[in-house]
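Note sheet for the following structure.
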Amino acid sequence: MSFFPKISFQREVEDYLTKVFRNNELIAALGTQEVESKYQSLLSHLSHPPSFTTVRVNTHLASVKHVKKLLFEEIQKQFKGLCVPVLEHPKLQDILLIPVIGPRRDLKKHASEVIVGAQCGYAVLRGAHVYVPGIISTSRFMKAGDLVSVYSDIEGKCKRGAKEFEGVKVFLGNGISELSRNEIFSSSGPLNGLGIRMIEPVYLSPSFDNVLPSHLFLQNLPSVVVSHILNPQPGERILDMCAAPGGKTTHLATLMHDQGEVIAMDKIAKKVKKIKQNAELLQLNCIKAFCYDGTKALSVEKREDEQEGPPFLPESFDRVLLDAPCSGMGQRPNMAYSLTLKEVTSYQPLQRKLFTVAVKLLKPGGVLVYSTCTITLSENEEQVAWALKTFPCLQLQPQEPHIGGEGMRGAGLSLDQLKLLQRFDPAAVTLHRMDINSLQDSREEDLISLANKDCIGFFIAKFSKSTSK
């Protein structure tokens with residue numbers, strides 16, 4: 001049941017993906033019809049939000065049970081007494097799952113319209129209100145307090161300040177304007193702050209604006225799985241190579257009970273600042289964040305300055321997480337993907353440079369986890385095949401917990417190797433509508449199973465480095 005149009009790509013990217021998802025290995029194993037059906041299902045799923053909002057509890061400061069109680073009370077308040085459950089996960093014991101109600105098809109549309117940018121629109125579909133910087137256009141006479149219908153300009157064609165827009169727009173729900181049109185587009189420059197308070201979103205998710213900020217971290221389910229698979233131990237030295245905004249960094253530090261050292265790197269200064277802010281907010285002291293390019297993080301000679309930051313000597317880390325920069329095609333919801341084919345294919349060589357440095361920085365006997373939030377073969381299974389061929393010291397390892405599916409065929413990996421990989425495929429379940437009645441009739445284990453499958457597209461590989469020289 002598709003509520004939104006399928007995700008659209010630039011033509012050359014669409015042709016590229018079609019070849020990926022209709023590759024000969026896949027067709028030989030599943031048949032042309034099954035392969036085509038799965039691919040079309042994936043395109044539909046990518047334009048819709050996941051079925052659950054996932055929050056990671058900062059167990060460094062509070063117990064899951066305590067935070068669950070506070071969160072349940074907060075959601076009841078936001079949803080005006082509507083009884084939406086907060087679920088604990090049996091295998092990921094530091095997360096809470098909140099079912100997303102929707103899509104709601106019976107919402108009345110108002111004459112006064114607000115057009116927001118695509119990124120703002122995606123945030124609204126996952127529970128956010130509309131902030132002023134996201135507003136592109138409003139109806140001519142909109143005043144503060146007006147009931148408005150909010151639409152997303154998914155193709156980026158609406159001109160800022162336009163009084164009407166006839167292009168492709170997707171209905172996101174209804175809200176109340178906090179400001180007039182004149183205030184939003186005043187000549188003194190754009191305001192910040194809340195623009196539209198959503199009261200009837202198409203998908204009902206809780207807003208987390210200033211909700212238990214030191215106790216909760218909004219994180220997609222597969223992103224939480226990654227840190228558990230790396231499994232850092234207290235007292236170890238861990239490297240998070242591409243760490244911003246710090247969700248996995250802070251999770252690693254929490255799993256280590258804030259004992260040891262987590263080195264977090266990112267090459268953009270503003271993002272490093274965000275990692276530090278998150279570490280401070282969650283009261284984690286073992287994190288050290290540096291603005292540095294991961295491809296240059298290996299030092300061939302010992303430095304005299306005793307500086308603790310990068311570059312580092314070979315074999316400096318017990319475990320390395322490479323959550324690599326990627327084409328991001330697994331992110332949901334996304335209705336119009338804007339990257340060109342040249343941009344999409346630029347990630348594989350960068351990932352290999354980072355991976356090479358990661359292997360050299362890892363101690364013998366250490367663990368390296370590689371992950372992406374994309375769906376291509378070239379950034380996922382092909383990278384694993386390349387790594388195993390290029391670095392004989394690496395062995396694929398089983399993953400615990402193993403919640404996603406196995407790896408995808410098409411990169412020449414054996415079936416045993418594919419079973420060791422973890423690919424979260426949004427199309428693994430049928431798109432469906434969640435309402436309060438169906439929610440109350442569902443068994444908890446069925447809801448957990450749905451949450452495991454209906455999430456963002458994601459990929460994880462775990463390697464160990466042999467001790468023999």
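Labels used: A, B, ... for chains in the order of the structure tokens, numbers from 1 for residues in each chain, and numbers from 1 for ligands as shown.
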Need the shell around segment 398-405 of chain A: protein/DNA/RNA residues with any atom at most 6 Å away, counting only C-alpha atoms. Skip same-chain ones fewer than 2 positions apart. Format as a PDB file with all heavy atoms, in the first residue's frame?
```
ATOM      1  N   ILE A 229      27.654  -4.620  17.585  1.00  0.00           N
ATOM      2  CA  ILE A 229      28.481  -5.584  16.841  1.00  0.00           C
ATOM      3  C   ILE A 229      29.967  -5.307  17.056  1.00  0.00           C
ATOM      4  O   ILE A 229      30.769  -6.229  17.178  1.00  0.00           O
ATOM      5  CB  ILE A 229      28.096  -5.563  15.351  1.00  0.00           C
ATOM      6  CG1 ILE A 229      26.763  -6.282  15.190  1.00  0.00           C
ATOM      7  CG2 ILE A 229      29.153  -6.225  14.472  1.00  0.00           C
ATOM      8  CD1 ILE A 229      26.091  -6.074  13.883  1.00  0.00           C
ATOM      9  N   LEU A 420      27.259 -14.076   6.746  1.00  0.00           N
ATOM     10  CA  LEU A 420      27.979 -13.362   7.813  1.00  0.00           C
ATOM     11  C   LEU A 420      27.735 -11.847   7.759  1.00  0.00           C
ATOM     12  O   LEU A 420      28.009 -11.140   8.721  1.00  0.00           O
ATOM     13  CB  LEU A 420      29.482 -13.645   7.726  1.00  0.00           C
ATOM     14  CG  LEU A 420      29.914 -15.084   8.030  1.00  0.00           C
ATOM     15  CD1 LEU A 420      31.389 -15.278   7.730  1.00  0.00           C
ATOM     16  CD2 LEU A 420      29.615 -15.453   9.484  1.00  0.00           C
ATOM     17  N   GLN A 422      25.298  -8.358   7.154  1.00  0.00           N
ATOM     18  CA  GLN A 422      23.973  -7.941   7.614  1.00  0.00           C
ATOM     19  C   GLN A 422      23.499  -6.771   6.748  1.00  0.00           C
ATOM     20  O   GLN A 422      24.107  -5.712   6.756  1.00  0.00           O
ATOM     21  CB  GLN A 422      24.039  -7.545   9.091  1.00  0.00           C
ATOM     22  CG  GLN A 422      22.696  -7.457   9.741  1.00  0.00           C
ATOM     23  CD  GLN A 422      22.714  -7.562  11.272  1.00  0.00           C
ATOM     24  OE1 GLN A 422      21.681  -7.654  11.869  1.00  0.00           O
ATOM     25  NE2 GLN A 422      23.868  -7.550  11.900  1.00  0.00           N
ATOM     26  N   ARG A 423      22.441  -7.041   5.983  1.00  0.00           N
ATOM     27  CA  ARG A 423      21.866  -6.000   5.123  1.00  0.00           C
ATOM     28  C   ARG A 423      20.421  -5.760   5.567  1.00  0.00           C
ATOM     29  O   ARG A 423      19.604  -6.682   5.564  1.00  0.00           O
ATOM     30  CB  ARG A 423      21.905  -6.434   3.651  1.00  0.00           C
ATOM     31  CG  ARG A 423      21.332  -5.385   2.687  1.00  0.00           C
ATOM     32  CD  ARG A 423      21.303  -5.885   1.263  1.00  0.00           C
ATOM     33  NE  ARG A 423      22.485  -5.488   0.494  1.00  0.00           N
ATOM     34  CZ  ARG A 423      22.517  -4.468  -0.372  1.00  0.00           C
ATOM     35  NH1 ARG A 423      21.437  -3.733  -0.562  1.00  0.00           N
ATOM     36  NH2 ARG A 423      23.623  -4.178  -1.027  1.00  0.00           N
ATOM     37  N   PHE A 424      20.130  -4.535   5.965  1.00  0.00           N
ATOM     38  CA  PHE A 424      18.759  -4.167   6.325  1.00  0.00           C
ATOM     39  C   PHE A 424      18.065  -3.679   5.057  1.00  0.00           C
ATOM     40  O   PHE A 424      18.455  -2.668   4.479  1.00  0.00           O
ATOM     41  CB  PHE A 424      18.771  -3.069   7.397  1.00  0.00           C
ATOM     42  CG  PHE A 424      19.210  -3.573   8.744  1.00  0.00           C
ATOM     43  CD1 PHE A 424      20.563  -3.672   9.055  1.00  0.00           C
ATOM     44  CD2 PHE A 424      18.283  -3.956   9.697  1.00  0.00           C
ATOM     45  CE1 PHE A 424      20.979  -4.139  10.292  1.00  0.00           C
ATOM     46  CE2 PHE A 424      18.690  -4.429  10.940  1.00  0.00           C
ATOM     47  CZ  PHE A 424      20.042  -4.527  11.240  1.00  0.00           C
TER      48      PHE A 424
END
```
*For Gln383 of chain A, work out the shell of residues within 9 Å, counting only C-alpha atoms and skipping chain neighbours fewer than 6 positions away, then give it as a list in words.*
Gln348, Gln351, Arg352, Leu377 and Ala411 of chain A
_Filtered DSSP result for segment 168-288 of chain A, state strand (DSSP E or B), as a PyMOL selection string_ = chain A and resi 170-177+194-201+204+216-218+237-240+261-266+287-288
Could you turn the residues from that selection into a file that holds N, CA, C and O atoms, as a tab-separated table (two decimals), in the first residue's frame?
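File result14.tsv, as written:
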```tsv
chain	number	residue	atom	x	y	z
A	170	VAL	N	3.90	17.24	-2.05
A	170	VAL	CA	3.36	16.08	-1.33
A	170	VAL	C	2.79	16.57	0.00
A	170	VAL	O	3.46	17.27	0.75
A	171	PHE	N	1.54	16.18	0.27
A	171	PHE	CA	0.84	16.60	1.50
A	171	PHE	C	1.45	15.91	2.72
A	171	PHE	O	1.59	14.70	2.76
A	172	LEU	N	1.82	16.72	3.73
A	172	LEU	CA	2.45	16.20	4.94
A	172	LEU	C	1.55	16.26	6.17
A	172	LEU	O	1.87	15.67	7.20
A	173	GLY	N	0.44	17.03	6.07
A	173	GLY	CA	-0.44	17.16	7.21
A	173	GLY	C	-0.80	18.61	7.48
A	173	GLY	O	-0.47	19.51	6.69
A	174	ASN	N	-1.47	18.84	8.60
A	174	ASN	CA	-1.96	20.17	8.95
A	174	ASN	C	-1.30	20.69	10.23
A	174	ASN	O	-0.91	19.90	11.11
A	175	GLY	N	-1.22	22.01	10.31
A	175	GLY	CA	-0.62	22.63	11.49
A	175	GLY	C	-1.19	24.01	11.74
A	175	GLY	O	-2.07	24.49	11.02
A	176	ILE	N	-0.67	24.65	12.78
A	176	ILE	CA	-1.06	26.02	13.11
A	176	ILE	C	0.16	26.91	12.93
A	176	ILE	O	1.24	26.62	13.48
A	177	SER	N	-0.01	27.99	12.18
A	177	SER	CA	1.11	28.90	11.94
A	177	SER	C	1.43	29.70	13.20
A	177	SER	O	0.52	30.25	13.84
A	194	LEU	N	10.23	28.22	15.75
A	194	LEU	CA	9.12	27.43	15.26
A	194	LEU	C	8.28	28.23	14.29
A	194	LEU	O	7.89	29.37	14.56
A	195	GLY	N	7.97	27.65	13.12
A	195	GLY	CA	7.14	28.30	12.12
A	195	GLY	C	5.73	27.75	12.09
A	195	GLY	O	4.75	28.49	12.14
A	196	ILE	N	5.62	26.40	12.03
A	196	ILE	CA	4.31	25.73	12.00
A	196	ILE	C	4.32	24.62	13.05
A	196	ILE	O	5.18	23.75	13.03
A	197	ARG	N	3.35	24.67	13.95
A	197	ARG	CA	3.21	23.59	14.92
A	197	ARG	C	2.28	22.53	14.32
A	197	ARG	O	1.10	22.80	14.06
A	198	MET	N	2.83	21.35	14.02
A	198	MET	CA	2.03	20.30	13.38
A	198	MET	C	1.03	19.73	14.38
A	198	MET	O	1.41	19.30	15.47
A	199	ILE	N	-0.25	19.73	13.99
A	199	ILE	CA	-1.27	19.16	14.88
A	199	ILE	C	-1.92	17.91	14.28
A	199	ILE	O	-2.48	17.09	15.00
A	200	GLU	N	-1.86	17.78	12.94
A	200	GLU	CA	-2.41	16.60	12.27
A	200	GLU	C	-1.44	16.12	11.19
A	200	GLU	O	-1.68	16.28	10.00
A	201	PRO	N	-0.31	15.56	11.59
A	201	PRO	CA	0.62	15.07	10.56
A	201	PRO	C	0.07	13.80	9.91
A	201	PRO	O	-0.68	13.05	10.54
A	204	LEU	N	1.89	10.10	12.41
A	204	LEU	CA	1.94	10.60	13.78
A	204	LEU	C	3.11	9.97	14.53
A	204	LEU	O	3.10	8.78	14.84
A	216	LEU	N	18.06	10.55	26.09
A	216	LEU	CA	17.65	9.89	24.84
A	216	LEU	C	18.49	10.38	23.67
A	216	LEU	O	18.88	11.54	23.62
A	217	PHE	N	18.72	9.48	22.72
A	217	PHE	CA	19.37	9.86	21.46
A	217	PHE	C	18.57	9.23	20.34
A	217	PHE	O	18.42	8.01	20.28
A	218	LEU	N	18.02	10.08	19.46
A	218	LEU	CA	17.26	9.58	18.31
A	218	LEU	C	18.21	8.89	17.34
A	218	LEU	O	19.17	9.51	16.88
A	237	ARG	N	40.94	0.97	23.57
A	237	ARG	CA	41.10	2.20	22.77
A	237	ARG	C	40.39	1.96	21.43
A	237	ARG	O	40.75	1.06	20.68
A	238	ILE	N	39.38	2.79	21.18
A	238	ILE	CA	38.49	2.60	20.03
A	238	ILE	C	38.62	3.80	19.09
A	238	ILE	O	38.73	4.94	19.54
A	239	LEU	N	38.59	3.55	17.78
A	239	LEU	CA	38.58	4.63	16.81
A	239	LEU	C	37.27	4.63	16.04
A	239	LEU	O	36.87	3.62	15.46
A	240	ASP	N	36.59	5.78	16.05
A	240	ASP	CA	35.42	6.00	15.20
A	240	ASP	C	35.87	6.97	14.11
A	240	ASP	O	36.02	8.16	14.35
A	261	GLU	N	39.02	4.73	25.99
A	261	GLU	CA	39.18	5.92	25.16
A	261	GLU	C	38.49	5.70	23.81
A	261	GLU	O	38.73	4.70	23.14
A	262	VAL	N	37.61	6.63	23.46
A	262	VAL	CA	36.99	6.61	22.14
A	262	VAL	C	37.50	7.84	21.39
A	262	VAL	O	37.22	8.98	21.78
A	263	ILE	N	38.28	7.60	20.34
A	263	ILE	CA	38.77	8.69	19.49
A	263	ILE	C	37.78	8.86	18.34
A	263	ILE	O	37.53	7.91	17.60
A	264	ALA	N	37.22	10.05	18.23
A	264	ALA	CA	36.25	10.34	17.17
A	264	ALA	C	36.84	11.35	16.21
A	264	ALA	O	37.36	12.38	16.63
A	265	MET	N	36.76	11.04	14.92
A	265	MET	CA	37.31	11.96	13.91
A	265	MET	C	36.23	12.34	12.89
A	265	MET	O	35.40	11.53	12.54
A	266	ASP	N	36.31	13.57	12.44
A	266	ASP	CA	35.54	14.00	11.28
A	266	ASP	C	36.29	15.18	10.67
A	266	ASP	O	36.94	15.93	11.38
A	287	ILE	N	35.42	10.33	25.52
A	287	ILE	CA	35.44	10.65	24.09
A	287	ILE	C	36.39	11.81	23.82
A	287	ILE	O	36.33	12.84	24.50
A	288	LYS	N	37.26	11.65	22.84
A	288	LYS	CA	38.14	12.74	22.39
A	288	LYS	C	37.89	12.93	20.90
A	288	LYS	O	38.09	12.01	20.12
```
_Selection: 10 Å around segment 295-301 of chain A, only C-alpha atoms, excl. self and same-chain fewer than 6 positions, as number ranges by chain_ = A: 241, 265, 267, 309-316, 350-358, 360-361
*Skipping near chain neighbours, those fewer than 6 positions away, what residues fall within 7 Å of Ala144 of chain A using only C-alpha atoms, listed as an MDAnalysis selection string?*
chainID A and resid 177:180
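When only C-alpha atoms are used to measure the gap to Lys91 of chain A, the shortest distance among A:Leu321, A:Ile375, A:Ile268, A:Leu221 belongs to A:Leu221.
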_Write out as a ChimeraX atom specification the set of residues from segment 11-258 of chain A that DSSP, computed on the backbone, places in helix (DSSP H, G or I)._
/A:11-21,24-30,32-46,64-78,118-125,132-134,181-184,221-230,247-255
*List the neighbours of Leu71 of chain A out to 9 Å using only C-alpha atoms; skip same-chain residues closer than 4 positions along the sequence, and give me the result as a list in words.*
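In the requested form, the answer reads His66, Val67, Ile75, Gln76, Val86, Val211 and Leu212 of chain A.
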How about saving the chosen residues, C-alpha atoms kept, as a PDB file, in the first residue's frame?
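Heads up, here's the output in result-v8.pdb:
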```
ATOM      1  CA  HIS A  66      12.916   4.676  34.129  1.00  0.00           C
ATOM      2  CA  VAL A  67      13.266   6.401  30.758  1.00  0.00           C
ATOM      3  CA  ILE A  75       3.911  10.697  24.393  1.00  0.00           C
ATOM      4  CA  GLN A  76       0.513  10.534  26.086  1.00  0.00           C
ATOM      5  CA  VAL A  86       6.653   2.195  24.111  1.00  0.00           C
ATOM      6  CA  VAL A 211      12.417  15.847  25.356  1.00  0.00           C
ATOM      7  CA  LEU A 212      14.762  14.168  27.884  1.00  0.00           C
TER       8      LEU A 212
END
```
*Pick out the residues sitting within 10 Å of Pro245 of chain A, and hand them over as a PyMOL selection string; count only C-alpha atoms, and ignore anything fewer than 3 positions along from it in its own chain.*
chain A and resi 242+248-250+264+266+270-278
Output N, CA and C atoms for every residue in the selection just made, as a compact mmCIF listing (two decimals), in the first residue's frame.
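Done, and the output landed in selection14.txt:
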```txt
# COMPACT_ATOMS: atom_id res chain seq x y z
N CYS A 242 34.74 8.16 11.06
CA CYS A 242 33.90 9.19 10.43
C CYS A 242 32.70 9.37 11.35
N LYS A 248 26.90 7.07 17.16
CA LYS A 248 27.62 5.81 17.40
C LYS A 248 28.78 6.05 18.38
N THR A 249 29.44 7.20 18.28
CA THR A 249 30.54 7.52 19.21
C THR A 249 30.06 7.46 20.65
N THR A 250 28.96 8.14 20.93
CA THR A 250 28.45 8.18 22.31
C THR A 250 27.93 6.81 22.74
N ALA A 264 37.22 10.05 18.23
CA ALA A 264 36.25 10.34 17.17
C ALA A 264 36.84 11.35 16.21
N ASP A 266 36.31 13.57 12.44
CA ASP A 266 35.54 14.00 11.28
C ASP A 266 36.29 15.18 10.67
N LYS A 270 32.56 21.97 12.07
CA LYS A 270 31.23 22.18 12.67
C LYS A 270 30.66 20.85 13.18
N LYS A 271 30.96 19.78 12.44
CA LYS A 271 30.45 18.47 12.84
C LYS A 271 31.19 17.94 14.08
N VAL A 272 32.48 18.25 14.17
CA VAL A 272 33.27 17.83 15.35
C VAL A 272 32.74 18.53 16.60
N LYS A 273 32.35 19.78 16.41
CA LYS A 273 31.76 20.54 17.53
C LYS A 273 30.49 19.84 18.01
N LYS A 274 29.71 19.33 17.08
CA LYS A 274 28.46 18.62 17.42
C LYS A 274 28.75 17.34 18.20
N ILE A 275 29.82 16.62 17.81
CA ILE A 275 30.22 15.40 18.56
C ILE A 275 30.53 15.77 20.01
N LYS A 276 31.31 16.85 20.18
CA LYS A 276 31.69 17.29 21.53
C LYS A 276 30.47 17.70 22.35
N GLN A 277 29.54 18.40 21.69
CA GLN A 277 28.31 18.81 22.39
C GLN A 277 27.49 17.60 22.84
N ASN A 278 27.39 16.60 21.96
CA ASN A 278 26.63 15.40 22.32
C ASN A 278 27.30 14.63 23.46
```
Within 10 Å of Val384 of chain A using only C-alpha atoms, minus same-chain residues under 6 positions, as a PDB file with N, CA, C and O atoms, in the first residue's frame:
```pdb
ATOM      1  N   TYR A 370      32.632  -2.288   9.364  1.00  0.00           N
ATOM      2  CA  TYR A 370      32.401  -1.376   8.246  1.00  0.00           C
ATOM      3  C   TYR A 370      30.899  -1.285   8.035  1.00  0.00           C
ATOM      4  O   TYR A 370      30.201  -2.311   7.989  1.00  0.00           O
ATOM      5  N   LEU A 377      25.491  -2.247  -4.347  1.00  0.00           N
ATOM      6  CA  LEU A 377      26.473  -3.339  -4.197  1.00  0.00           C
ATOM      7  C   LEU A 377      27.892  -2.784  -4.103  1.00  0.00           C
ATOM      8  O   LEU A 377      28.724  -3.283  -3.349  1.00  0.00           O
ATOM      9  N   SER A 378      28.157  -1.728  -4.886  1.00  0.00           N
ATOM     10  CA  SER A 378      29.533  -1.223  -4.999  1.00  0.00           C
ATOM     11  C   SER A 378      30.066  -0.684  -3.681  1.00  0.00           C
ATOM     12  O   SER A 378      31.262  -0.734  -3.418  1.00  0.00           O
ATOM     13  N   THR A 390      42.239  -8.006  -0.823  1.00  0.00           N
ATOM     14  CA  THR A 390      43.355  -7.059  -0.673  1.00  0.00           C
ATOM     15  C   THR A 390      44.107  -7.261   0.637  1.00  0.00           C
ATOM     16  O   THR A 390      45.324  -7.041   0.698  1.00  0.00           O
ATOM     17  N   LEU A 396      36.168 -12.460   7.760  1.00  0.00           N
ATOM     18  CA  LEU A 396      34.788 -12.083   8.105  1.00  0.00           C
ATOM     19  C   LEU A 396      34.365 -12.806   9.374  1.00  0.00           C
ATOM     20  O   LEU A 396      34.705 -13.988   9.556  1.00  0.00           O
ATOM     21  N   ALA A 411      28.109  -9.734  -5.971  1.00  0.00           N
ATOM     22  CA  ALA A 411      29.509  -9.315  -5.827  1.00  0.00           C
ATOM     23  C   ALA A 411      30.460 -10.507  -5.833  1.00  0.00           C
ATOM     24  O   ALA A 411      31.657 -10.359  -5.562  1.00  0.00           O
ATOM     25  N   LEU A 413      30.498 -13.095  -3.795  1.00  0.00           N
ATOM     26  CA  LEU A 413      30.768 -13.685  -2.477  1.00  0.00           C
ATOM     27  C   LEU A 413      30.037 -15.021  -2.357  1.00  0.00           C
ATOM     28  O   LEU A 413      28.982 -15.219  -2.970  1.00  0.00           O
ATOM     29  N   GLN A 417      29.684 -16.552   3.077  1.00  0.00           N
ATOM     30  CA  GLN A 417      30.127 -15.181   3.331  1.00  0.00           C
ATOM     31  C   GLN A 417      28.942 -14.228   3.428  1.00  0.00           C
ATOM     32  O   GLN A 417      28.899 -13.359   4.307  1.00  0.00           O
ATOM     33  N   LEU A 418      27.962 -14.396   2.538  1.00  0.00           N
ATOM     34  CA  LEU A 418      26.775 -13.528   2.565  1.00  0.00           C
ATOM     35  C   LEU A 418      26.013 -13.650   3.876  1.00  0.00           C
ATOM     36  O   LEU A 418      25.460 -12.676   4.385  1.00  0.00           O
ATOM     37  N   LEU A 421      27.236 -11.385   6.614  1.00  0.00           N
ATOM     38  CA  LEU A 421      26.963  -9.946   6.464  1.00  0.00           C
ATOM     39  C   LEU A 421      25.554  -9.640   6.948  1.00  0.00           C
ATOM     40  O   LEU A 421      24.719 -10.531   7.091  1.00  0.00           O
ATOM     41  N   ILE A 460      26.153  -3.845   7.169  1.00  0.00           N
ATOM     42  CA  ILE A 460      27.201  -4.018   8.188  1.00  0.00           C
ATOM     43  C   ILE A 460      28.059  -5.242   7.840  1.00  0.00           C
ATOM     44  O   ILE A 460      27.536  -6.318   7.530  1.00  0.00           O
ATOM     45  N   ALA A 461      29.381  -5.055   7.922  1.00  0.00           N
ATOM     46  CA  ALA A 461      30.330  -6.183   7.810  1.00  0.00           C
ATOM     47  C   ALA A 461      31.292  -6.112   8.988  1.00  0.00           C
ATOM     48  O   ALA A 461      31.739  -5.029   9.372  1.00  0.00           O
ATOM     49  N   LYS A 462      31.607  -7.264   9.566  1.00  0.00           N
ATOM     50  CA  LYS A 462      32.512  -7.329  10.712  1.00  0.00           C
ATOM     51  C   LYS A 462      33.727  -8.182  10.353  1.00  0.00           C
ATOM     52  O   LYS A 462      33.580  -9.306   9.853  1.00  0.00           O
ATOM     53  N   PHE A 463      34.914  -7.635  10.586  1.00  0.00           N
ATOM     54  CA  PHE A 463      36.170  -8.337  10.292  1.00  0.00           C
ATOM     55  C   PHE A 463      37.025  -8.451  11.550  1.00  0.00           C
ATOM     56  O   PHE A 463      36.977  -7.577  12.422  1.00  0.00           O
TER      57      PHE A 463
END
```
*For atom CA of His215 of chain A and atom CA of Glu308 of chain A, quote the distance in Å rounded to one decimal.*
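Computing the Euclidean distance for atom CA of His215 of chain A and atom CA of Glu308 of chain A yields 29.4 Å.
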Considering only C-alpha atoms, tabulate each residue of segment 110-143 of chain A that lies at most 9 Å from segment 334-341 of chain A along with its nearest interatomic pair and the corresponding distance in Å to one decimal; arrange the rows by chain and ascending residue number and present them as a Markdown table.
```
| residue | atom | partner | partner_atom | distance |
| --- | --- | --- | --- | --- |
| A:Ala118 | CA | A:Asn334 | CA | 8.2 |
| A:Gln119 | CA | A:Asn334 | CA | 8.5 |
| A:Tyr122 | CA | A:Asn334 | CA | 6.9 |
```
*Could you jot down the atom CA of Ser149 of chain A to atom CA of Lys109 of chain A separation for me, Å, one decimal place?*
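We find that atom CA of Ser149 of chain A and atom CA of Lys109 of chain A lie 5.9 Å from each other.
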Taking a cut-off of 8 Å and counting only C-alpha atoms, can you build a table that, for each residue of segment 41-82 of chain A near segment 427-433 of chain A, reports the nearest atom pair and how far apart they are in Å (one decimal), sorted by chain then residue number, as CSV?
```
residue,atom,partner,partner_atom,distance
A:Ser41,CA,A:Ala427,CA,5.5
A:Leu42,CA,A:Ala427,CA,4.7
A:His45,CA,A:Ala427,CA,6.1
```
Selected residues written out, all heavy atoms, as a PDB file, in the first residue's frame:
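Below you can see out.pdb, which holds the result:
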```pdb
ATOM      1  N   SER A  41       9.323  -2.852  -4.891  1.00  0.00           N
ATOM      2  CA  SER A  41       8.910  -2.706  -3.484  1.00  0.00           C
ATOM      3  C   SER A  41       9.892  -1.808  -2.723  1.00  0.00           C
ATOM      4  O   SER A  41       9.496  -0.943  -1.937  1.00  0.00           O
ATOM      5  CB  SER A  41       8.832  -4.087  -2.831  1.00  0.00           C
ATOM      6  OG  SER A  41       8.535  -3.973  -1.470  1.00  0.00           O
ATOM      7  N   LEU A  42      11.179  -1.987  -2.986  1.00  0.00           N
ATOM      8  CA  LEU A  42      12.201  -1.154  -2.346  1.00  0.00           C
ATOM      9  C   LEU A  42      11.981   0.326  -2.697  1.00  0.00           C
ATOM     10  O   LEU A  42      12.030   1.200  -1.824  1.00  0.00           O
ATOM     11  CB  LEU A  42      13.598  -1.602  -2.800  1.00  0.00           C
ATOM     12  CG  LEU A  42      14.772  -0.743  -2.327  1.00  0.00           C
ATOM     13  CD1 LEU A  42      14.910  -0.795  -0.806  1.00  0.00           C
ATOM     14  CD2 LEU A  42      16.077  -1.191  -2.988  1.00  0.00           C
ATOM     15  N   HIS A  45       9.131   1.662  -0.655  1.00  0.00           N
ATOM     16  CA  HIS A  45       9.451   1.797   0.773  1.00  0.00           C
ATOM     17  C   HIS A  45      10.324   3.018   1.050  1.00  0.00           C
ATOM     18  O   HIS A  45      10.171   3.676   2.071  1.00  0.00           O
ATOM     19  CB  HIS A  45      10.172   0.538   1.274  1.00  0.00           C
ATOM     20  CG  HIS A  45       9.255  -0.582   1.634  1.00  0.00           C
ATOM     21  ND1 HIS A  45       8.605  -1.342   0.688  1.00  0.00           N
ATOM     22  CD2 HIS A  45       8.871  -1.076   2.839  1.00  0.00           C
ATOM     23  CE1 HIS A  45       7.871  -2.267   1.296  1.00  0.00           C
ATOM     24  NE2 HIS A  45       8.008  -2.123   2.602  1.00  0.00           N
TER      25      HIS A  45
END
```
